[in-house]
file data_2.cif (mmCIF, C-alpha atoms)
data_entry
#
loop_
_atom_site.label_atom_id
_atom_site.label_comp_id
_atom_site.auth_asym_id
_atom_site.auth_seq_id
_atom_site.Cartn_x
_atom_site.Cartn_y
_atom_site.Cartn_z
CA MET B 915 -8.94 31.48 -34.10
CA ASN B 916 -7.71 34.53 -32.30
CA SER B 917 -10.94 35.02 -30.43
CA GLN B 918 -10.88 31.37 -29.31
CA GLU B 919 -7.38 31.69 -27.94
CA HIS B 920 -8.52 34.77 -26.15
CA VAL B 921 -11.33 32.85 -24.46
CA VAL B 922 -9.13 29.87 -23.61
CA SER B 923 -6.59 32.08 -21.89
CA HIS B 924 -9.29 33.21 -19.49
CA VAL B 925 -10.71 29.77 -18.64
CA HIS B 926 -10.14 29.08 -15.00
CA ARG B 927 -8.91 25.60 -14.29
CA ASP B 928 -8.05 24.02 -10.98
CA ASP B 929 -7.18 20.36 -11.41
CA ILE B 930 -6.39 19.81 -7.76
CA ALA B 931 -9.78 21.15 -6.70
CA SER B 932 -11.45 18.96 -9.34
CA ARG B 933 -9.77 15.86 -7.99
CA MET B 934 -10.55 16.96 -4.45
CA GLY B 935 -14.22 17.25 -5.40
CA MET B 936 -14.11 13.72 -6.78
CA TRP B 937 -12.49 12.43 -3.60
CA LEU B 938 -15.17 14.11 -1.49
CA PHE B 939 -17.79 12.37 -3.60
CA LEU B 940 -15.97 9.06 -3.11
CA PHE B 941 -16.21 9.57 0.67
CA THR B 942 -20.00 9.73 0.33
CA GLU B 943 -19.76 6.43 -1.52
CA LEU B 944 -17.81 5.09 1.44
CA ILE B 945 -20.76 6.04 3.63
CA LEU B 946 -23.26 4.46 1.20
CA PHE B 947 -21.46 1.13 1.00
CA GLY B 948 -20.15 1.44 4.54
CA GLY B 949 -23.71 1.40 5.88
CA MET B 950 -24.31 -1.84 4.03
CA PHE B 951 -21.09 -3.36 5.31
CA PHE B 952 -22.23 -2.43 8.84
CA LEU B 953 -25.52 -4.21 8.19
CA TYR B 954 -23.66 -7.21 6.80
CA SER B 955 -21.30 -7.42 9.77
CA VAL B 956 -24.07 -7.25 12.37
CA TYR B 957 -26.24 -9.83 10.60
CA ARG B 958 -23.28 -12.10 10.08
CA PHE B 959 -22.29 -11.72 13.72
CA MET B 960 -25.80 -12.77 14.73
CA ASN B 961 -26.23 -15.54 12.10
CA ALA B 962 -22.70 -16.87 11.59
CA GLU B 963 -23.74 -20.47 10.83
CA ALA B 964 -26.53 -19.57 8.40
CA PHE B 965 -24.18 -17.23 6.50
CA HIS B 966 -21.66 -20.07 6.04
CA VAL B 967 -24.36 -22.42 4.79
CA ALA B 968 -25.86 -19.82 2.44
CA ALA B 969 -22.48 -18.82 1.00
CA LYS B 970 -22.01 -22.39 -0.27
CA GLU B 971 -24.63 -21.57 -2.92
CA LEU B 972 -22.34 -18.93 -4.45
CA ASN B 973 -20.02 -19.79 -7.31
CA THR B 974 -16.49 -19.06 -6.07
CA LEU B 975 -15.01 -19.60 -9.53
CA ILE B 976 -17.17 -16.88 -11.13
CA GLY B 977 -16.30 -14.66 -8.15
CA CYS B 978 -12.56 -15.20 -8.71
CA PHE B 979 -12.91 -14.63 -12.42
CA ASN B 980 -14.80 -11.38 -11.87
CA THR B 981 -12.20 -10.23 -9.35
CA ALA B 982 -9.46 -10.78 -11.93
CA ILE B 983 -11.51 -8.94 -14.58
CA LEU B 984 -12.10 -5.94 -12.33
CA LEU B 985 -8.47 -5.74 -11.16
CA THR B 986 -7.31 -5.88 -14.78
CA SER B 987 -9.77 -3.15 -15.76
CA SER B 988 -8.34 -0.98 -12.99
CA LEU B 989 -4.90 -1.58 -14.48
CA THR B 990 -5.97 -0.57 -18.00
CA MET B 991 -7.70 2.53 -16.58
CA ALA B 992 -4.51 3.60 -14.82
CA LEU B 993 -2.46 2.83 -17.94
CA SER B 994 -4.77 4.96 -20.10
CA ILE B 995 -3.94 8.01 -17.96
CA THR B 996 -0.20 7.39 -18.17
CA ALA B 997 -0.51 6.89 -21.93
CA LEU B 998 -2.26 10.24 -22.25
CA GLN B 999 0.35 11.94 -20.05
CA LYS B 1000 2.96 10.59 -22.46
CA ASP B 1001 0.92 12.12 -25.29
CA LYS B 1002 -0.01 8.73 -26.76
CA LYS B 1003 -3.64 9.52 -27.47
CA ASN B 1004 -4.50 6.38 -29.45
CA LEU B 1005 -2.93 4.10 -26.87
CA SER B 1006 -4.92 5.88 -24.17
CA ILE B 1007 -8.16 5.40 -26.14
CA PHE B 1008 -7.26 1.75 -26.64
CA PHE B 1009 -6.78 1.24 -22.89
CA GLN B 1010 -10.05 3.03 -22.14
CA LEU B 1011 -11.90 0.80 -24.59
CA ILE B 1012 -10.35 -2.31 -23.02
CA THR B 1013 -11.55 -1.05 -19.63
CA ILE B 1014 -15.10 -0.74 -20.97
CA VAL B 1015 -14.93 -4.22 -22.54
CA LEU B 1016 -13.77 -5.66 -19.21
CA ALA B 1017 -16.60 -3.85 -17.41
CA PHE B 1018 -19.07 -5.53 -19.76
CA GLY B 1019 -17.32 -8.86 -19.22
CA PHE B 1020 -17.86 -8.39 -15.49
CA LEU B 1021 -21.56 -7.60 -16.02
CA ILE B 1022 -22.07 -10.59 -18.34
CA ASN B 1023 -20.57 -12.89 -15.69
CA LYS B 1024 -22.79 -11.26 -13.11
CA TYR B 1025 -25.79 -11.89 -15.34
CA PHE B 1026 -25.00 -15.60 -15.64
CA GLU B 1027 -24.33 -15.81 -11.92
CA TRP B 1028 -27.66 -14.19 -11.01
CA ALA B 1029 -29.51 -16.17 -13.70
CA ALA B 1030 -28.22 -19.42 -12.19
CA LYS B 1031 -29.47 -18.30 -8.76
CA PHE B 1032 -32.87 -17.42 -10.22
CA ASP B 1033 -33.00 -20.85 -11.88
CA HIS B 1034 -32.47 -22.45 -8.49
CA GLY B 1035 -35.37 -20.38 -7.24
CA ILE B 1036 -33.17 -18.14 -5.11
CA TYR B 1037 -34.28 -14.56 -5.64
CA PRO B 1038 -35.78 -11.98 -3.28
CA GLY B 1039 -39.23 -13.07 -2.19
CA SER B 1040 -39.12 -16.52 -3.83
CA ASP B 1041 -40.76 -19.50 -2.10
CA THR B 1042 -37.49 -21.47 -2.09
CA LEU B 1043 -35.70 -18.61 -0.40
CA LEU B 1044 -38.48 -17.87 2.11
CA ALA B 1045 -38.48 -21.55 3.11
CA LYS B 1046 -34.87 -21.19 4.27
CA GLU B 1047 -33.93 -20.09 7.75
CA SER B 1048 -33.93 -16.36 8.49
CA GLY B 1049 -30.12 -16.03 8.53
CA GLU B 1050 -29.89 -17.40 4.99
CA ILE B 1051 -32.66 -15.08 3.79
CA LEU B 1052 -30.67 -12.17 5.24
CA PHE B 1053 -27.52 -13.38 3.49
CA PHE B 1054 -29.19 -13.49 0.09
CA GLY B 1055 -30.94 -10.18 0.69
CA LEU B 1056 -27.57 -8.56 1.37
CA TYR B 1057 -26.00 -10.43 -1.53
CA TYR B 1058 -28.54 -9.08 -4.02
CA VAL B 1059 -28.55 -5.54 -2.67
CA MET B 1060 -24.80 -5.18 -2.30
CA THR B 1061 -23.69 -6.90 -5.52
CA GLY B 1062 -26.63 -5.21 -7.28
CA LEU B 1063 -25.61 -1.75 -6.11
CA HIS B 1064 -22.02 -2.56 -7.00
CA GLY B 1065 -23.18 -3.73 -10.45
CA LEU B 1066 -25.02 -0.43 -10.88
CA HIS B 1067 -21.75 1.35 -10.11
CA VAL B 1068 -20.00 -0.78 -12.74
CA ILE B 1069 -22.61 0.30 -15.30
CA ILE B 1070 -22.28 3.97 -14.34
CA GLY B 1071 -18.47 3.68 -14.40
CA ALA B 1072 -18.49 2.08 -17.85
CA VAL B 1073 -20.76 4.84 -19.19
CA LEU B 1074 -18.52 7.50 -17.61
CA ILE B 1075 -15.42 5.99 -19.17
CA GLY B 1076 -17.28 5.82 -22.49
CA VAL B 1077 -17.97 9.57 -22.26
CA MET B 1078 -14.28 10.16 -21.45
CA THR B 1079 -13.25 8.09 -24.48
CA ARG B 1080 -15.46 10.27 -26.66
CA LEU B 1081 -13.95 13.41 -25.14
CA THR B 1082 -10.47 12.03 -25.70
CA ILE B 1083 -11.26 11.30 -29.35
CA LYS B 1084 -12.71 14.80 -29.77
CA GLY B 1085 -9.60 16.30 -28.25
CA VAL B 1086 -11.30 17.78 -25.16
CA ILE B 1087 -9.24 15.54 -22.91
CA THR B 1088 -5.61 16.03 -23.85
CA LYS B 1089 -2.08 15.59 -22.55
CA ASP B 1090 -2.39 18.96 -20.80
CA SER B 1091 -5.95 18.62 -19.58
CA TYR B 1092 -6.90 15.16 -18.41
CA VAL B 1093 -8.45 15.75 -14.99
CA LYS B 1094 -11.82 14.47 -16.26
CA LEU B 1095 -10.24 11.18 -17.22
CA GLU B 1096 -8.45 11.06 -13.86
CA SER B 1097 -11.73 11.60 -11.99
CA ALA B 1098 -13.49 8.87 -13.97
CA GLY B 1099 -10.50 6.70 -13.12
CA LEU B 1100 -10.83 7.47 -9.41
CA TYR B 1101 -14.48 6.40 -9.56
CA TRP B 1102 -13.53 3.22 -11.37
CA HIS B 1103 -10.86 2.33 -8.81
CA LEU B 1104 -13.36 2.88 -6.00
CA VAL B 1105 -15.69 0.36 -7.67
CA ASP B 1106 -12.70 -1.98 -7.71
CA ILE B 1107 -11.98 -1.44 -4.00
CA ILE B 1108 -15.60 -2.16 -3.06
CA TRP B 1109 -15.41 -5.43 -4.97
CA ILE B 1110 -12.13 -6.27 -3.20
CA PHE B 1111 -14.15 -6.33 0.03
CA LEU B 1112 -17.37 -7.84 -1.36
CA PHE B 1113 -15.55 -10.81 -2.86
CA PRO B 1114 -14.11 -12.42 0.30
CA LEU B 1115 -17.13 -11.43 2.42
CA PHE B 1116 -19.65 -13.18 0.18
CA TYR B 1117 -17.83 -15.81 -1.86
CA LEU B 1118 -15.13 -17.01 0.50
CA ILE B 1119 -16.88 -17.67 3.81
CA THR B 1120 -17.73 -21.34 3.23
CA MET M 1103 5.91 22.29 -3.70
CA HIS M 1104 7.82 21.16 -6.75
CA LYS M 1105 8.08 23.46 -9.70
CA ASP M 1106 7.28 20.79 -12.30
CA GLU M 1107 4.31 19.43 -10.45
CA THR M 1108 2.51 18.23 -13.55
CA HIS M 1109 5.46 16.01 -14.32
CA GLN M 1110 5.58 14.75 -10.76
CA HIS M 1111 1.98 13.71 -11.07
CA MET M 1112 2.55 10.59 -13.10
CA HIS M 1113 3.55 6.99 -12.76
CA ARG M 1114 5.36 4.80 -15.22
CA TYR M 1115 3.63 1.82 -16.82
CA GLY M 1116 5.89 -0.62 -14.98
CA ILE M 1117 4.68 0.14 -11.47
CA TYR M 1118 1.06 -0.36 -12.54
CA ILE M 1119 1.87 -3.78 -13.99
CA LEU M 1120 3.70 -4.68 -10.76
CA VAL M 1121 0.77 -3.58 -8.59
CA TRP M 1122 -1.65 -5.48 -10.83
CA MET M 1123 0.40 -8.67 -10.44
CA GLY M 1124 0.54 -8.06 -6.70
CA LEU M 1125 -3.25 -7.66 -6.58
CA LEU M 1126 -3.81 -10.90 -8.52
CA THR M 1127 -1.36 -12.73 -6.27
CA LEU M 1128 -3.11 -11.46 -3.15
CA THR M 1129 -6.45 -12.59 -4.63
CA GLY M 1130 -4.93 -16.04 -5.10
CA VAL M 1131 -3.68 -15.99 -1.51
CA THR M 1132 -7.05 -14.96 -0.11
CA VAL M 1133 -8.80 -17.75 -2.06
CA ALA M 1134 -6.21 -20.34 -0.99
CA VAL M 1135 -6.34 -19.25 2.64
CA ALA M 1136 -10.15 -19.21 2.73
CA GLY M 1137 -10.19 -23.02 2.66
CA ILE M 1138 -8.18 -23.19 5.90
CA ASN M 1139 -10.03 -22.65 9.14
CA PHE M 1140 -8.23 -20.28 11.50
CA GLY M 1141 -11.34 -19.93 13.64
CA ALA M 1142 -11.97 -16.30 14.51
CA LEU M 1143 -8.87 -15.31 12.57
CA THR M 1144 -10.34 -16.47 9.25
CA ILE M 1145 -12.32 -13.29 8.68
CA ALA M 1146 -9.47 -11.17 10.04
CA THR M 1147 -7.11 -12.71 7.48
CA ALA M 1148 -9.55 -12.04 4.63
CA LEU M 1149 -10.03 -8.43 5.77
CA ILE M 1150 -6.30 -7.80 6.22
CA ILE M 1151 -5.58 -9.07 2.69
CA ALA M 1152 -8.45 -6.92 1.34
CA ALA M 1153 -7.02 -3.93 3.23
CA ILE M 1154 -3.55 -4.50 1.71
CA LYS M 1155 -5.10 -4.70 -1.76
CA SER M 1156 -7.07 -1.49 -1.15
CA TYR M 1157 -3.90 0.22 0.06
CA LEU M 1158 -2.17 -0.69 -3.21
CA VAL M 1159 -5.10 0.57 -5.29
CA LEU M 1160 -5.38 3.80 -3.26
CA THR M 1161 -1.69 4.67 -3.24
CA ILE M 1162 -0.70 3.65 -6.78
CA PHE M 1163 -3.77 3.39 -9.03
CA MET M 1164 -5.51 6.34 -7.37
CA HIS M 1165 -2.23 8.30 -7.21
CA LEU M 1166 -2.44 9.07 -3.50
CA ARG M 1167 1.29 8.47 -3.12
CA ILE M 1168 2.13 11.30 -5.53
CA GLU M 1169 -0.90 13.43 -4.67
CA GLN M 1170 -0.69 16.43 -2.31
CA ARG M 1171 -0.65 15.58 1.36
CA VAL M 1172 -4.11 17.08 2.00
CA PHE M 1173 -5.67 14.20 0.00
CA ARG M 1174 -4.09 11.65 2.30
CA ILE M 1175 -5.21 13.59 5.36
CA PHE M 1176 -8.78 13.65 4.02
CA LEU M 1177 -8.76 9.91 3.49
CA VAL M 1178 -7.33 9.21 6.93
CA VAL M 1179 -10.02 11.39 8.55
CA ALA M 1180 -12.78 9.65 6.56
CA LEU M 1181 -11.48 6.19 7.46
CA PHE M 1182 -11.00 7.23 11.08
CA PHE M 1183 -14.68 8.08 11.44
CA PHE M 1184 -15.66 4.95 9.53
CA ILE M 1185 -13.66 2.80 11.95
CA ILE M 1186 -15.06 4.67 14.97
CA SER M 1187 -18.58 3.89 13.78
CA ILE M 1188 -17.87 0.20 13.36
CA VAL M 1189 -16.14 -0.05 16.73
CA LEU M 1190 -19.06 1.66 18.48
CA LEU M 1191 -21.51 -0.51 16.55
CA PHE M 1192 -19.85 -3.70 17.75
CA ALA M 1193 -19.39 -2.41 21.27
CA ASP M 1194 -23.17 -2.07 21.23
CA TYR M 1195 -24.06 -5.36 19.56
CA SER M 1196 -21.72 -7.65 21.45
CA PHE M 1197 -23.20 -6.17 24.63
CA LEU M 1198 -26.80 -6.66 23.44
CA ILE M 1199 -26.21 -10.27 22.51
CA LYS M 1200 -24.54 -11.19 25.79
CA SER M 1201 -27.36 -9.75 27.85
#
call {"tool": "encode", "arguments": {"input": "data_2.cif", "output": "structure tokens"}}
result
Amino acid sequence: MNSQEHVVSHVHRDDIASRMGMWLFLFTELILFGGMFFLYSVYRFMNAEAFHVAAKELNTLIGCFNTAILLTSSLTMALSITALQKDKKNLSIFFQLITIVLAFGFLINKYFEWAAKFDHGIYPGSDTLLAKESGEILFFGLYYVMTGLHGLHVIIGAVLIGVMTRLTIKGVITKDSYVKLESAGLYWHLVDIIWIFLFPLFYLIT
Amino acid sequence: MHKDETHQHMHRYGIYILVWMGLLTLTGVTVAVAGINFGALTIATALIIAAIKSYLVLTIFMHLRIEQRVFRIFLVVALFFFIISIVLLFADYSFLIKS
């Protein structure tokens, strides 16, 4: 045990720099999604009417439901960090697991939403879609790319939180060393913020 | 810099619950308001509500309020350049479409 303590005392840790690194990464995400929001805004500016017509196809109720799910998962993520800071390890693990469950709930909803679109013949390159006017094709192209990329982020976030849960159980993430959990949380909240903008821009423009 | 910085760097459960309720309420507002046509202001309203929600997430959930100032400066710089790009983009496009 002595040798371990010896090693631990020499481990260099800089939590602020770790969080800063995460924030810098999040800024690159801002550029990634930002570019798509630019594309959306220009196409919508040029095809305002078609975007309104196309958006009527989207299910606002599922959109609302998914917004509530994602906001709640952000809450449980934040709570899991506070729980750990208060040295309540099991409560923290519980909140992390709830966050993962909510992430899957979001993805299941997304699956049903996309499946319904596919059933109506609306998917990239389909005859039904290509028969529509160009503005509507652009709308659905952006819809699939942007919600798809966001969905990918939800999957990555859920996996990341899963890894953090494992590390918390194993005692790597503790009351005194939780910057990994914080960084995963930052990523998760960013996914939430992106959805906060996607939701009104796609589901609420009818 | 505070001596007990690690203790400064935490929120209580209560504020998270409050922010969560605020976020859900704002979602309700944005859905309710979407049905009303304010003309050009419709999209502005939606974006302002989304911006308020993001502000809440950034400051409370993402701890920016209790984080060191340099984090806030970084974010402001990033957003500043983001906004510059979108302003220049629209300066360009509104001109192209008129001509």
call {"tool": "residues_around", "arguments": {"input": "data_2.cif", "residues": "stretch 1138-1153 of chain M", "least_positions_apart": "6", "cutoff": "7 Å", "atoms": "all atoms listed in the file", "output": "count of residues only"}}
result
5
call {"tool": "atom_distance", "arguments": {"input": "data_2.cif", "atom1": "atom CA of B:Gly1076", "atom2": "atom CA of M:His1165"}}
result
21.6 Å
call {"tool": "resolve_selection", "arguments": {"input": "data_2.cif", "expression": "the PyMOL selection byres ((chain M and resi 1166) around 12)", "output": "list in words"}}
result
Arg933, Met934, Trp937 and Leu1100 of chain B; His1111, Met1112, His1113, Ser1156, Tyr1157, Leu1158, Val1159, Leu1160, Thr1161, Ile1162, Phe1163, Met1164, His1165, Arg1167, Ile1168, Glu1169, Gln1170, Arg1171, Val1172, Phe1173, Arg1174, Ile1175, Phe1176, Leu1177 and Val1178 of chain M
call {"tool": "closest_residue", "arguments": {"input": "data_2.cif", "among": "B:Ile1012, B:Ile976, B:Met1060, B:Ile945", "to": "B:Tyr1025", "atoms": "all atoms listed in the file"}}
result
B:Ile976
call {"tool": "residues_around", "arguments": {"input": "data_2.cif", "residues": "M:Leu1126", "least_positions_apart": "2", "cutoff": "9 Å", "atoms": "all atoms listed in the file", "output": "list in words"}}
result
Thr981, Ala982, Leu985 and Thr986 of chain B; Val1121, Trp1122, Met1123, Gly1124, Leu1128, Thr1129, Gly1130 and Val1131 of chain M
call {"tool": "resolve_selection", "arguments": {"input": "data_2.cif", "expression": "the PyMOL selection byres ((chain M and resi 1195) around 12)", "output": "PyMOL selection string"}}
result
(chain B and resi 952-953+955-960) or (chain M and resi 1188-1194+1196-1201)
call {"tool": "write_last_selection", "arguments": {"input": "data_2.cif", "atoms": "C-alpha atoms", "output": "PDB file, in the frame of the given file"}}
result
ATOM      1  CA  PHE B 952     -22.230  -2.430   8.840  1.00  0.00           C
ATOM      2  CA  LEU B 953     -25.520  -4.210   8.190  1.00  0.00           C
ATOM      3  CA  SER B 955     -21.300  -7.420   9.770  1.00  0.00           C
ATOM      4  CA  VAL B 956     -24.070  -7.250  12.370  1.00  0.00           C
ATOM      5  CA  TYR B 957     -26.240  -9.830  10.600  1.00  0.00           C
ATOM      6  CA  ARG B 958     -23.280 -12.100  10.080  1.00  0.00           C
ATOM      7  CA  PHE B 959     -22.290 -11.720  13.720  1.00  0.00           C
ATOM      8  CA  MET B 960     -25.800 -12.770  14.730  1.00  0.00           C
TER       9      MET B 960
ATOM     10  CA  ILE M1188     -17.870   0.200  13.360  1.00  0.00           C
ATOM     11  CA  VAL M1189     -16.140  -0.050  16.730  1.00  0.00           C
ATOM     12  CA  LEU M1190     -19.060   1.660  18.480  1.00  0.00           C
ATOM     13  CA  LEU M1191     -21.510  -0.510  16.550  1.00  0.00           C
ATOM     14  CA  PHE M1192     -19.850  -3.700  17.750  1.00  0.00           C
ATOM     15  CA  ALA M1193     -19.390  -2.410  21.270  1.00  0.00           C
ATOM     16  CA  ASP M1194     -23.170  -2.070  21.230  1.00  0.00           C
ATOM     17  CA  SER M1196     -21.720  -7.650  21.450  1.00  0.00           C
ATOM     18  CA  PHE M1197     -23.200  -6.170  24.630  1.00  0.00           C
ATOM     19  CA  LEU M1198     -26.800  -6.660  23.440  1.00  0.00           C
ATOM     20  CA  ILE M1199     -26.210 -10.270  22.510  1.00  0.00           C
ATOM     21  CA  LYS M1200     -24.540 -11.190  25.790  1.00  0.00           C
ATOM     22  CA  SER M1201     -27.360  -9.750  27.850  1.00  0.00           C
TER      23      SER M1201
END
call {"tool": "build_atoms", "arguments": {"input": "data_2.cif", "residues": "stretch 1086-1116 of chain B", "atoms": "N, CA and C atoms", "output": "PDB file, keeping the file's coordinate frame"}}
result
ATOM      1  N   VAL B1086     -11.001  16.963 -26.342  1.00  0.00           N
ATOM      2  CA  VAL B1086     -11.300  17.780 -25.160  1.00  0.00           C
ATOM      3  C   VAL B1086     -10.379  17.371 -24.017  1.00  0.00           C
ATOM      4  N   ILE B1087     -10.198  16.047 -23.892  1.00  0.00           N
ATOM      5  CA  ILE B1087      -9.240  15.540 -22.910  1.00  0.00           C
ATOM      6  C   ILE B1087      -7.907  15.360 -23.638  1.00  0.00           C
ATOM      7  N   THR B1088      -6.903  16.077 -23.164  1.00  0.00           N
ATOM      8  CA  THR B1088      -5.610  16.030 -23.850  1.00  0.00           C
ATOM      9  C   THR B1088      -4.484  15.809 -22.860  1.00  0.00           C
ATOM     10  N   LYS B1089      -3.280  15.754 -23.369  1.00  0.00           N
ATOM     11  CA  LYS B1089      -2.080  15.590 -22.550  1.00  0.00           C
ATOM     12  C   LYS B1089      -2.009  16.645 -21.451  1.00  0.00           C
ATOM     13  N   ASP B1090      -2.493  17.855 -21.759  1.00  0.00           N
ATOM     14  CA  ASP B1090      -2.390  18.960 -20.800  1.00  0.00           C
ATOM     15  C   ASP B1090      -3.645  19.150 -19.964  1.00  0.00           C
ATOM     16  N   SER B1091      -4.703  18.447 -20.323  1.00  0.00           N
ATOM     17  CA  SER B1091      -5.950  18.620 -19.580  1.00  0.00           C
ATOM     18  C   SER B1091      -6.685  17.291 -19.512  1.00  0.00           C
ATOM     19  N   TYR B1092      -6.341  16.517 -18.482  1.00  0.00           N
ATOM     20  CA  TYR B1092      -6.900  15.160 -18.410  1.00  0.00           C
ATOM     21  C   TYR B1092      -7.567  14.880 -17.069  1.00  0.00           C
ATOM     22  N   VAL B1093      -7.912  15.964 -16.334  1.00  0.00           N
ATOM     23  CA  VAL B1093      -8.450  15.750 -14.990  1.00  0.00           C
ATOM     24  C   VAL B1093      -9.790  15.011 -15.043  1.00  0.00           C
ATOM     25  N   LYS B1094     -10.552  15.188 -16.125  1.00  0.00           N
ATOM     26  CA  LYS B1094     -11.820  14.470 -16.260  1.00  0.00           C
ATOM     27  C   LYS B1094     -11.570  12.964 -16.315  1.00  0.00           C
ATOM     28  N   LEU B1095     -10.583  12.593 -17.098  1.00  0.00           N
ATOM     29  CA  LEU B1095     -10.240  11.180 -17.220  1.00  0.00           C
ATOM     30  C   LEU B1095      -9.747  10.640 -15.874  1.00  0.00           C
ATOM     31  N   GLU B1096      -8.946  11.457 -15.180  1.00  0.00           N
ATOM     32  CA  GLU B1096      -8.450  11.060 -13.860  1.00  0.00           C
ATOM     33  C   GLU B1096      -9.608  10.812 -12.888  1.00  0.00           C
ATOM     34  N   SER B1097     -10.607  11.722 -12.906  1.00  0.00           N
ATOM     35  CA  SER B1097     -11.730  11.600 -11.990  1.00  0.00           C
ATOM     36  C   SER B1097     -12.553  10.359 -12.297  1.00  0.00           C
ATOM     37  N   ALA B1098     -12.791  10.103 -13.593  1.00  0.00           N
ATOM     38  CA  ALA B1098     -13.490   8.870 -13.970  1.00  0.00           C
ATOM     39  C   ALA B1098     -12.694   7.672 -13.487  1.00  0.00           C
ATOM     40  N   GLY B1099     -11.361   7.768 -13.596  1.00  0.00           N
ATOM     41  CA  GLY B1099     -10.500   6.700 -13.120  1.00  0.00           C
ATOM     42  C   GLY B1099     -10.640   6.482 -11.627  1.00  0.00           C
ATOM     43  N   LEU B1100     -10.673   7.583 -10.866  1.00  0.00           N
ATOM     44  CA  LEU B1100     -10.830   7.470  -9.410  1.00  0.00           C
ATOM     45  C   LEU B1100     -12.115   6.720  -9.074  1.00  0.00           C
ATOM     46  N   TYR B1101     -13.192   7.079  -9.780  1.00  0.00           N
ATOM     47  CA  TYR B1101     -14.480   6.400  -9.560  1.00  0.00           C
ATOM     48  C   TYR B1101     -14.341   4.921  -9.860  1.00  0.00           C
ATOM     49  N   TRP B1102     -13.684   4.616 -10.964  1.00  0.00           N
ATOM     50  CA  TRP B1102     -13.530   3.220 -11.370  1.00  0.00           C
ATOM     51  C   TRP B1102     -12.721   2.423 -10.342  1.00  0.00           C
ATOM     52  N   HIS B1103     -11.670   3.028  -9.804  1.00  0.00           N
ATOM     53  CA  HIS B1103     -10.860   2.330  -8.810  1.00  0.00           C
ATOM     54  C   HIS B1103     -11.646   2.113  -7.524  1.00  0.00           C
ATOM     55  N   LEU B1104     -12.526   3.063  -7.193  1.00  0.00           N
ATOM     56  CA  LEU B1104     -13.360   2.880  -6.000  1.00  0.00           C
ATOM     57  C   LEU B1104     -14.268   1.661  -6.175  1.00  0.00           C
ATOM     58  N   VAL B1105     -14.843   1.526  -7.374  1.00  0.00           N
ATOM     59  CA  VAL B1105     -15.690   0.360  -7.670  1.00  0.00           C
ATOM     60  C   VAL B1105     -14.868  -0.916  -7.472  1.00  0.00           C
ATOM     61  N   ASP B1106     -13.607  -0.848  -7.879  1.00  0.00           N
ATOM     62  CA  ASP B1106     -12.700  -1.980  -7.710  1.00  0.00           C
ATOM     63  C   ASP B1106     -12.481  -2.284  -6.224  1.00  0.00           C
ATOM     64  N   ILE B1107     -12.239  -1.243  -5.427  1.00  0.00           N
ATOM     65  CA  ILE B1107     -11.980  -1.440  -4.000  1.00  0.00           C
ATOM     66  C   ILE B1107     -13.201  -2.060  -3.310  1.00  0.00           C
ATOM     67  N   ILE B1108     -14.395  -1.603  -3.675  1.00  0.00           N
ATOM     68  CA  ILE B1108     -15.600  -2.160  -3.060  1.00  0.00           C
ATOM     69  C   ILE B1108     -15.690  -3.655  -3.368  1.00  0.00           C
ATOM     70  N   TRP B1109     -15.372  -4.015  -4.610  1.00  0.00           N
ATOM     71  CA  TRP B1109     -15.410  -5.430  -4.970  1.00  0.00           C
ATOM     72  C   TRP B1109     -14.353  -6.222  -4.200  1.00  0.00           C
ATOM     73  N   ILE B1110     -13.197  -5.601  -3.954  1.00  0.00           N
ATOM     74  CA  ILE B1110     -12.130  -6.270  -3.200  1.00  0.00           C
ATOM     75  C   ILE B1110     -12.659  -6.724  -1.840  1.00  0.00           C
ATOM     76  N   PHE B1111     -13.580  -5.939  -1.255  1.00  0.00           N
ATOM     77  CA  PHE B1111     -14.150  -6.330   0.030  1.00  0.00           C
ATOM     78  C   PHE B1111     -15.362  -7.251  -0.134  1.00  0.00           C
ATOM     79  N   LEU B1112     -16.175  -7.001  -1.158  1.00  0.00           N
ATOM     80  CA  LEU B1112     -17.370  -7.840  -1.360  1.00  0.00           C
ATOM     81  C   LEU B1112     -16.975  -9.293  -1.622  1.00  0.00           C
ATOM     82  N   PHE B1113     -15.920  -9.475  -2.428  1.00  0.00           N
ATOM     83  CA  PHE B1113     -15.550 -10.810  -2.860  1.00  0.00           C
ATOM     84  C   PHE B1113     -15.272 -11.768  -1.686  1.00  0.00           C
ATOM     85  N   PRO B1114     -14.327 -11.459  -0.786  1.00  0.00           N
ATOM     86  CA  PRO B1114     -14.110 -12.420   0.300  1.00  0.00           C
ATOM     87  C   PRO B1114     -15.308 -12.513   1.260  1.00  0.00           C
ATOM     88  N   LEU B1115     -16.040 -11.402   1.424  1.00  0.00           N
ATOM     89  CA  LEU B1115     -17.130 -11.430   2.420  1.00  0.00           C
ATOM     90  C   LEU B1115     -18.333 -12.240   1.953  1.00  0.00           C
ATOM     91  N   PHE B1116     -18.518 -12.393   0.653  1.00  0.00           N
ATOM     92  CA  PHE B1116     -19.650 -13.180   0.180  1.00  0.00           C
ATOM     93  C   PHE B1116     -19.248 -14.545  -0.379  1.00  0.00           C
TER      94      PHE B1116
END
